[in-house]
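Structure below is upload.csv: CSV, C-alpha atoms and all ligand atoms.
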chain,number,residue,atom,x,y,z
A,1,MET,CA,64.6,-4.5,-87.9
A,2,SER,CA,61.1,-3.2,-87.3
A,3,THR,CA,59.9,-0.9,-84.5
A,4,SER,CA,57.5,-3.6,-83.5
A,5,GLU,CA,60.2,-5.7,-82.0
A,6,GLY,CA,59.5,-6.1,-78.3
A,7,ALA,CA,58.4,-8.3,-75.3
A,8,ILE,CA,56.2,-8.0,-72.3
A,9,ALA,CA,57.1,-9.6,-69.0
A,10,VAL,CA,55.4,-10.0,-65.6
A,11,ALA,CA,57.2,-10.4,-62.2
A,12,HIS,CA,56.1,-10.3,-58.6
A,13,PRO,CA,57.8,-8.8,-55.5
A,14,ASN,CA,59.6,-10.9,-53.1
A,15,ILE,CA,59.9,-10.4,-49.3
A,16,ALA,CA,63.1,-11.4,-47.6
A,17,LEU,CA,62.9,-13.7,-44.6
A,18,VAL,CA,66.7,-13.2,-44.2
A,19,LYS,CA,67.5,-9.7,-45.5
A,20,TYR,CA,70.0,-8.3,-47.9
A,21,TRP,CA,71.4,-5.2,-46.4
A,22,GLY,CA,74.8,-4.0,-47.5
A,23,LYS,CA,76.8,-4.2,-50.7
A,24,ARG,CA,80.5,-5.2,-51.0
A,25,ASP,CA,80.6,-3.8,-54.6
A,26,GLU,CA,78.2,-1.0,-55.6
A,27,HIS,CA,78.9,-1.2,-59.3
A,28,LEU,CA,78.3,-4.9,-59.7
A,29,VAL,CA,75.7,-4.9,-56.9
A,30,LEU,CA,77.4,-7.7,-54.9
A,31,PRO,CA,75.9,-8.2,-51.5
A,32,CYS,CA,77.9,-8.8,-48.3
A,33,ALA,CA,75.9,-11.9,-47.4
A,34,ASP,CA,73.4,-14.4,-48.7
A,35,SER,CA,69.7,-13.7,-48.4
A,36,LEU,CA,66.5,-15.7,-48.6
A,37,SER,CA,63.0,-14.6,-49.7
A,38,LEU,CA,59.5,-15.7,-50.7
A,39,THR,CA,58.1,-14.4,-54.0
A,40,LEU,CA,54.5,-13.4,-53.6
A,41,ASP,CA,51.5,-13.8,-55.8
A,42,VAL,CA,50.2,-10.2,-55.3
A,43,PHE,CA,51.3,-6.8,-56.6
A,44,PRO,CA,52.8,-7.9,-60.0
A,45,THR,CA,54.7,-5.5,-62.2
A,46,THR,CA,54.2,-5.7,-66.0
A,47,THR,CA,56.8,-4.2,-68.2
A,48,GLU,CA,56.9,-3.9,-72.0
A,49,VAL,CA,60.2,-3.2,-73.8
A,50,ARG,CA,59.7,-2.2,-77.5
A,51,LEU,CA,62.7,-1.3,-79.6
A,52,HIS,CA,62.7,2.1,-81.2
A,53,PRO,CA,65.5,2.2,-83.8
A,54,HIS,CA,65.0,5.8,-84.8
A,55,ALA,CA,65.0,7.2,-81.3
A,56,THR,CA,68.1,8.9,-79.9
A,57,ARG,CA,67.3,7.9,-76.3
A,58,ASP,CA,65.1,5.6,-74.3
A,59,TYR,CA,61.7,6.6,-73.2
A,60,VAL,CA,60.2,5.3,-69.9
A,61,THR,CA,56.6,5.5,-68.7
A,62,VAL,CA,55.6,4.3,-65.2
A,63,ASP,CA,51.8,3.7,-64.9
A,64,GLY,CA,51.3,5.7,-68.1
A,65,VAL,CA,53.2,8.8,-67.1
A,66,LEU,CA,56.6,9.7,-68.7
A,67,ALA,CA,59.2,9.2,-66.1
A,68,ARG,CA,62.0,11.8,-65.5
A,69,GLY,CA,65.1,11.9,-63.3
A,70,GLU,CA,66.5,8.9,-61.5
A,71,THR,CA,64.1,6.2,-62.8
A,72,PRO,CA,64.8,6.6,-66.5
A,73,ARG,CA,68.6,7.0,-65.7
A,74,ARG,CA,68.6,3.6,-63.9
A,75,ILE,CA,66.6,2.0,-66.7
A,76,THR,CA,68.9,3.3,-69.4
A,77,ALA,CA,72.0,2.1,-67.5
A,78,PHE,CA,70.3,-1.3,-67.2
A,79,LEU,CA,69.3,-1.4,-70.9
A,80,ASP,CA,72.9,-0.5,-71.8
A,81,LEU,CA,74.1,-3.7,-70.1
A,82,VAL,CA,71.6,-5.7,-72.1
A,83,ARG,CA,72.5,-3.9,-75.4
A,84,ASP,CA,76.2,-4.3,-74.7
A,85,ARG,CA,75.8,-8.1,-74.3
A,86,ALA,CA,73.5,-8.4,-77.3
A,87,GLY,CA,75.7,-6.3,-79.5
A,88,ARG,CA,72.8,-4.0,-80.2
A,89,THR,CA,72.4,-0.2,-80.1
A,90,GLU,CA,68.7,0.6,-80.7
A,91,ARG,CA,66.9,2.7,-78.0
A,92,ALA,CA,63.7,1.4,-76.5
A,93,LEU,CA,60.3,2.4,-75.2
A,94,VAL,CA,59.8,1.0,-71.7
A,95,ALA,CA,56.3,0.9,-70.3
A,96,THR,CA,56.0,-0.4,-66.8
A,97,ARG,CA,52.9,-0.8,-64.7
A,98,ASN,CA,53.1,-1.5,-60.9
A,99,THR,CA,50.2,-2.7,-58.9
A,100,VAL,CA,52.1,-1.9,-55.7
A,101,PRO,CA,52.8,1.6,-54.4
A,102,THR,CA,56.2,2.5,-55.8
A,103,GLY,CA,59.1,3.2,-53.4
A,104,ALA,CA,57.2,2.3,-50.3
A,105,GLY,CA,59.3,-0.6,-49.2
A,106,LEU,CA,57.0,-3.1,-50.9
A,107,ALA,CA,59.7,-4.4,-53.2
A,108,SER,CA,58.5,-2.7,-56.4
A,109,SER,CA,62.2,-2.4,-57.5
A,110,ALA,CA,62.5,-6.2,-57.2
A,111,SER,CA,59.5,-7.0,-59.4
A,112,GLY,CA,60.3,-4.0,-61.6
A,113,PHE,CA,63.9,-5.0,-62.5
A,114,ALA,CA,63.0,-8.7,-62.8
A,115,ALA,CA,60.3,-7.9,-65.3
A,116,LEU,CA,62.6,-5.5,-67.1
A,117,ALA,CA,65.5,-8.0,-67.3
A,118,LEU,CA,63.2,-10.6,-68.8
A,119,ALA,CA,61.4,-8.3,-71.3
A,120,ALA,CA,64.6,-6.5,-72.3
A,121,SER,CA,66.6,-9.6,-72.9
A,122,HIS,CA,63.9,-11.0,-75.2
A,123,ALA,CA,63.3,-7.7,-77.0
A,124,TYR,CA,67.1,-7.5,-77.8
A,125,ASP,CA,67.1,-11.2,-78.8
A,126,LEU,CA,69.2,-12.3,-75.9
A,127,PRO,CA,67.3,-15.2,-74.3
A,128,LEU,CA,69.1,-16.1,-71.0
A,129,GLU,CA,68.8,-19.1,-68.8
A,130,PRO,CA,67.3,-18.3,-65.3
A,131,ALA,CA,70.5,-18.1,-63.3
A,132,VAL,CA,72.0,-15.7,-65.9
A,133,LEU,CA,68.8,-13.6,-65.9
A,134,SER,CA,69.0,-13.5,-62.1
A,135,ARG,CA,72.6,-12.1,-62.3
A,136,LEU,CA,71.4,-9.5,-64.9
A,137,ALA,CA,68.4,-8.5,-62.8
A,138,ARG,CA,70.7,-8.1,-59.8
A,139,ARG,CA,72.5,-5.3,-61.6
A,140,GLY,CA,69.2,-3.3,-61.7
A,141,SER,CA,68.3,-3.8,-58.0
A,142,GLY,CA,69.9,-6.5,-55.8
A,143,SER,CA,66.6,-8.0,-54.6
A,144,ALA,CA,65.4,-8.3,-58.2
A,145,ALA,CA,67.8,-11.3,-58.6
A,146,ARG,CA,65.4,-13.2,-56.4
A,147,SER,CA,62.1,-12.2,-58.2
A,148,ILE,CA,63.2,-14.1,-61.3
A,149,PHE,CA,62.1,-17.3,-59.4
A,150,GLY,CA,58.9,-18.2,-57.6
A,151,GLY,CA,58.4,-19.5,-54.1
A,152,PHE,CA,61.3,-19.6,-51.6
A,153,VAL,CA,64.5,-18.3,-53.2
A,154,VAL,CA,68.1,-18.0,-51.9
A,155,TRP,CA,70.5,-15.4,-53.3
A,156,HIS,CA,74.1,-16.4,-53.1
A,157,ALA,CA,76.5,-13.5,-52.3
A,158,GLY,CA,79.3,-15.4,-54.0
A,159,ALA,CA,82.8,-15.9,-52.5
A,160,PRO,CA,84.7,-12.6,-52.5
A,161,ASP,CA,87.8,-14.4,-53.8
A,162,ALA,CA,85.8,-16.1,-56.7
A,163,PRO,CA,87.7,-15.7,-60.0
A,164,ASP,CA,84.7,-13.8,-61.4
A,165,PRO,CA,82.6,-12.4,-58.5
A,166,ASP,CA,79.8,-11.4,-60.9
A,167,LEU,CA,79.3,-15.0,-62.0
A,168,ALA,CA,79.2,-16.2,-58.4
A,169,SER,CA,76.3,-14.0,-57.3
A,170,TYR,CA,72.9,-15.2,-58.4
A,171,ALA,CA,69.6,-16.5,-56.9
A,172,GLU,CA,68.1,-19.9,-57.2
A,173,PRO,CA,64.9,-21.6,-55.8
A,174,VAL,CA,65.0,-23.4,-52.4
A,175,THR,CA,63.8,-26.8,-53.5
A,176,ASP,CA,63.5,-28.5,-50.1
A,177,ALA,CA,61.1,-26.1,-48.2
A,178,ARG,CA,58.2,-27.7,-46.5
A,179,VAL,CA,56.4,-24.7,-45.0
A,180,ASP,CA,53.1,-23.2,-46.3
A,181,LEU,CA,53.8,-19.6,-45.5
A,182,ALA,CA,51.5,-16.7,-46.2
A,183,MET,CA,52.3,-13.0,-45.7
A,184,VAL,CA,49.7,-10.5,-44.8
A,185,VAL,CA,50.7,-7.1,-46.0
A,186,VAL,CA,49.5,-4.3,-43.8
A,187,LEU,CA,49.5,-1.0,-45.8
A,188,VAL,CA,50.7,1.4,-43.1
A,189,GLU,CA,51.6,4.2,-45.5
A,190,THR,CA,52.1,4.2,-49.2
A,191,GLY,CA,54.1,7.4,-49.9
A,192,PRO,CA,57.6,7.2,-51.4
A,193,LYS,CA,60.4,6.5,-48.9
A,194,PRO,CA,62.5,9.3,-47.4
A,195,VAL,CA,65.9,7.6,-48.2
A,196,SER,CA,66.5,5.2,-51.1
A,197,SER,CA,67.6,1.7,-50.1
A,198,ARG,CA,70.8,2.3,-52.1
A,199,GLU,CA,71.8,5.4,-50.1
A,200,ALA,CA,70.6,3.8,-46.8
A,201,MET,CA,72.7,0.7,-47.4
A,202,ARG,CA,75.8,2.8,-48.3
A,203,ARG,CA,75.3,4.8,-45.1
A,204,THR,CA,74.9,1.7,-43.0
A,205,VAL,CA,78.0,0.0,-44.3
A,206,ALA,CA,80.1,3.1,-43.9
A,207,THR,CA,78.9,4.3,-40.5
A,208,SER,CA,76.9,1.9,-38.4
A,209,PRO,CA,78.9,0.4,-35.6
A,210,ARG,CA,76.5,-2.5,-35.6
A,211,PHE,CA,77.1,-3.5,-39.2
A,212,HIS,CA,79.8,-6.1,-38.5
A,213,ASP,CA,77.6,-7.9,-35.9
A,214,TRP,CA,74.6,-7.7,-38.3
A,215,LEU,CA,76.6,-9.5,-40.9
A,216,ALA,CA,77.6,-12.3,-38.5
A,217,ALA,CA,74.0,-12.6,-37.3
A,218,THR,CA,72.4,-12.7,-40.7
A,219,ARG,CA,74.8,-15.4,-41.9
A,220,GLY,CA,73.7,-17.5,-38.9
A,221,ASP,CA,70.1,-16.7,-39.6
A,222,LEU,CA,70.5,-18.0,-43.2
A,223,GLN,CA,71.6,-21.4,-42.1
A,224,ALA,CA,69.0,-21.6,-39.4
A,225,MET,CA,66.3,-20.5,-41.8
A,226,ARG,CA,67.2,-23.1,-44.4
A,227,ALA,CA,67.0,-25.8,-41.7
A,228,ALA,CA,63.6,-24.5,-40.5
A,229,LEU,CA,62.2,-24.5,-44.0
A,230,ALA,CA,63.4,-28.0,-44.7
A,231,GLY,CA,62.1,-29.2,-41.4
A,232,GLY,CA,58.7,-27.7,-41.9
A,233,ASP,CA,59.1,-25.6,-38.7
A,234,LEU,CA,56.8,-22.6,-39.2
A,235,ALA,CA,57.5,-21.2,-35.7
A,236,ALA,CA,61.2,-21.2,-36.3
A,237,VAL,CA,60.8,-19.6,-39.7
A,238,GLY,CA,58.7,-16.8,-38.2
A,239,ALA,CA,60.9,-16.2,-35.2
A,240,ILE,CA,64.1,-16.1,-37.3
A,241,ALA,CA,62.5,-13.8,-39.9
A,242,GLU,CA,61.2,-11.3,-37.3
A,243,SER,CA,64.5,-11.1,-35.4
A,244,ASN,CA,66.4,-10.7,-38.7
A,245,ALA,CA,64.2,-7.8,-39.8
A,246,LEU,CA,64.5,-6.1,-36.4
A,247,GLY,CA,68.2,-6.6,-36.4
A,248,MET,CA,68.4,-5.0,-39.9
A,249,HIS,CA,66.4,-2.0,-38.8
A,250,LYS,CA,68.4,-1.6,-35.6
A,251,THR,CA,71.6,-1.6,-37.6
A,252,MET,CA,70.5,1.1,-40.0
A,253,GLU,CA,69.0,3.2,-37.1
A,254,ASN,CA,72.6,3.3,-35.7
A,255,ALA,CA,74.0,4.7,-38.9
A,256,VAL,CA,75.1,8.4,-39.0
A,257,PRO,CA,72.8,10.0,-39.7
A,258,PRO,CA,70.3,7.3,-38.7
A,259,VAL,CA,68.0,5.7,-41.3
A,260,ARG,CA,64.5,5.3,-39.9
A,261,TYR,CA,61.9,3.6,-42.1
A,262,LEU,CA,59.6,2.4,-39.3
A,263,THR,CA,57.0,4.9,-38.1
A,264,ASP,CA,54.8,5.0,-35.0
A,265,ALA,CA,52.1,3.4,-37.2
A,266,SER,CA,54.5,0.5,-38.1
A,267,ARG,CA,55.3,0.0,-34.4
A,268,LEU,CA,51.6,-0.2,-33.5
A,269,VAL,CA,51.3,-3.0,-36.0
A,270,LEU,CA,54.3,-4.7,-34.5
A,271,ASP,CA,52.7,-4.5,-31.1
A,272,SER,CA,49.4,-6.0,-32.5
A,273,VAL,CA,51.4,-8.9,-33.9
A,274,ARG,CA,53.0,-9.5,-30.5
A,275,ARG,CA,49.7,-9.4,-28.8
A,276,MET,CA,48.2,-11.8,-31.3
A,277,ARG,CA,51.1,-14.2,-30.7
A,278,HIS,CA,50.6,-14.0,-26.9
A,279,ALA,CA,46.9,-14.8,-27.5
A,280,GLY,CA,47.9,-18.0,-29.3
A,281,THR,CA,48.0,-17.0,-33.0
A,282,GLN,CA,51.1,-17.9,-34.9
A,283,ALA,CA,52.1,-14.6,-36.5
A,284,TRP,CA,55.5,-12.8,-36.9
A,285,ALA,CA,56.4,-9.5,-38.6
A,286,THR,CA,59.0,-8.4,-41.2
A,287,MET,CA,59.6,-4.9,-42.5
A,288,ASP,CA,61.8,-3.6,-45.4
A,289,ALA,CA,62.9,-0.2,-46.6
A,290,GLY,CA,59.6,1.4,-45.7
A,291,PRO,CA,57.0,1.6,-43.0
A,292,ASN,CA,54.7,-1.2,-44.2
A,293,VAL,CA,54.6,-4.5,-42.2
A,294,LYS,CA,54.3,-8.0,-43.6
A,295,VAL,CA,52.9,-10.5,-41.2
A,296,LEU,CA,54.0,-14.1,-41.6
A,297,CYS,CA,51.6,-16.9,-40.7
A,298,ALA,CA,50.5,-20.3,-41.8
A,299,GLY,CA,48.6,-20.4,-45.2
A,300,ASP,CA,45.5,-21.8,-43.5
A,301,ASP,CA,45.5,-18.9,-40.9
A,302,ALA,CA,46.0,-16.1,-43.5
A,303,GLU,CA,42.4,-14.8,-43.9
A,304,HIS,CA,41.8,-14.8,-40.1
A,305,VAL,CA,45.1,-13.0,-39.4
A,306,ALA,CA,44.3,-10.5,-42.1
A,307,TYR,CA,40.9,-9.9,-40.6
A,308,GLU,CA,42.3,-9.4,-37.1
A,309,LEU,CA,45.1,-7.1,-38.3
A,310,ARG,CA,42.6,-5.0,-40.2
A,311,GLU,CA,40.5,-4.7,-37.0
A,312,LEU,CA,43.4,-3.9,-34.8
A,313,SER,CA,45.3,-1.5,-37.0
A,314,ASP,CA,42.4,0.0,-39.0
A,315,ARG,CA,44.7,-0.3,-42.1
A,316,PRO,CA,44.1,-2.2,-45.4
A,317,THR,CA,45.6,-5.7,-45.5
A,318,VAL,CA,46.4,-7.8,-48.5
A,319,VAL,CA,47.0,-11.6,-48.3
A,320,GLY,CA,50.1,-12.7,-50.2
A,321,ARG,CA,51.0,-16.3,-50.8
A,322,SER,CA,53.8,-18.1,-52.6
A,323,GLY,CA,53.9,-16.7,-56.2
A,324,PRO,CA,55.5,-17.5,-59.5
A,325,GLY,CA,58.8,-16.4,-61.0
A,326,ALA,CA,59.1,-13.9,-63.8
A,327,THR,CA,57.3,-14.9,-67.0
A,328,LEU,CA,56.9,-13.6,-70.5
A,329,ARG,CA,53.4,-12.5,-71.3
A,330,THR,CA,51.8,-15.0,-73.8
A,331,GLY,CA,51.5,-13.6,-77.2
A,332,ALA,CA,54.7,-11.6,-76.7
A,333,ARG,CA,57.9,-12.8,-78.3
A,401,LIG,O1,67.1,-4.4,-53.9
A,401,LIG,P1,67.1,-3.2,-53.1
A,401,LIG,O2,68.3,-2.3,-53.4
A,401,LIG,O3,65.8,-2.4,-53.2
A,401,LIG,O4,67.2,-3.6,-51.6
A,401,LIG,C1,66.2,-4.1,-50.8
A,401,LIG,C2,66.6,-4.5,-49.5
A,401,LIG,C3,65.5,-5.0,-48.6
A,401,LIG,O5,64.2,-5.1,-49.2
A,401,LIG,C4,65.3,-4.1,-47.4
A,401,LIG,C5,65.8,-6.4,-48.0
A,401,LIG,C6,65.7,-7.5,-49.0
A,401,LIG,O6,66.5,-8.5,-48.9
A,401,LIG,O7,64.9,-7.5,-49.9

Show me, as structure tokens, the structure contained in the file I just sent.
Amino acid sequence: MSTSEGAIAVAHPNIALVKYWGKRDEHLVLPCADSLSLTLDVFPTTTEVRLHPHATRDYVTVDGVLARGETPRRITAFLDLVRDRAGRTERALVATRNTVPTGAGLASSASGFAALALAASHAYDLPLEPAVLSRLARRGSGSAARSIFGGFVVWHAGAPDAPDPDLASYAEPVTDARVDLAMVVVLVETGPKPVSSREAMRRTVATSPRFHDWLAATRGDLQAMRAALAGGDLAAVGAIAESNALGMHKTMENAVPPVRYLTDASRLVLDSVRRMRHAGTQAWATMDAGPNVKVLCAGDDAEHVAYELRELSDRPTVVGRSGPGATLRTGAR
């Protein structure tokens, strides 16, 4: 086998309209509830995996810089899963480039592990069909299961009593959505987050008195969201997404010690969105494991909403629309 064996894949972040927050199995990365997202067409991650048979360990670069600590550890653990399934042992060079600030709650782990799953499975000669790839990406970072697919995507938690719980938890496209949704990303702050989503979820599940109610609410939101998407009801999509996101943050803010991702600057953007709505613009907000705010609106309104938010918040805005699933870079194996 030659050292030139490898593959390059590109994947985009997804932003959940109904959030994943809480695992029932940390090792297999099995969520407590289903979630639903939109894959965006902005901030792609490009990852190359090149086999390196003579190396004794994997080497990882992120944006051209050799990574140390937790990042290469997670990537090696993920590559071990792929190597195990492929019956291969070679180490690899992994070069990943993000166009989104890493660790700022802009879903770089979703695009990152989706691109890694696709590139690594091809580099190790293990082509997988999309649902299998989605399950594999899930093991790297839960939300990555959804970035394998484009557009609206639902991630099934899988029944806890399924004969093989790993098999039952994967994402798939929502094929009956009739809403043209855009997301205006307001870049409130782009530094790394204070608490990893992994630790924050663990803490929420273990200590938040609201966690049980959150789960019940999010299960209801999932059903309502599917109906709103199929019915082409943008106002319902926006309202459910906003209340789901606020519920998730409230739940983690009640953990011990509390997890607070939203800052004063995030709350100012939330106020602006409410004001815009009262003034007649259809706009709703969602926030993930970081202070940045994504504003949901109709595709036709996106440029105008982005302009208004830039004026109101004095922060950069980026318009995201429905984007593609993970793809191999042409020319790569
Ligand atoms: O995939 P993780 O472990 O980075 O978790 C991400 C969780 C949220 O982004 C906050 C919600 C979601 O469903 O994407």

- Message: Within 9 Å of ligand LIG 401 (chain A) (counting all atoms listed in the file), which residues show up? I'd like them as a ChimeraX atom specification.
- Response: /A:14-22,29,35-37,103,105-110,138,140-146,196-198,201,245,248-249,287-290

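With only C-alpha atoms as the basis for measurement, A:Leu328 is the residue among A:Ala206, A:Leu328, A:Leu28, A:Val256 that approaches Ala7 in chain A most closely.
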
- Task: Around the point (53.0, 8.3, -71.6) in the file's coordinates, collect all residues with an atom within 12 Å, using all atoms listed in the file, and return them as a list in words.
- Result: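 Here is the list of nearby residues: Tyr59, Val60, Thr61, Val62, Asp63, Gly64, Val65, Leu66, Ala67, Arg68, Leu93, Val94, Ala95, Thr96 and Arg97 of chain A.
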
- Query: So which one's closest to Gly232 in chain A, A:Thr251, A:Arg315, A:Ala177, A:Thr207? Using only C-alpha atoms, please.
  - Reply: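 Comparing A:Thr251, A:Arg315, A:Ala177, A:Thr207 against Gly232 in chain A, the winner is A:Ala177.
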
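Taking CA of Ala157 in chain A as the reference point, CA of Ile75 in chain A is found at 23.4 Å.
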
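Atom pair CA of Ala285 in chain A / CA of Ala33 in chain A has a distance of 21.5 Å (rounded to one decimal).
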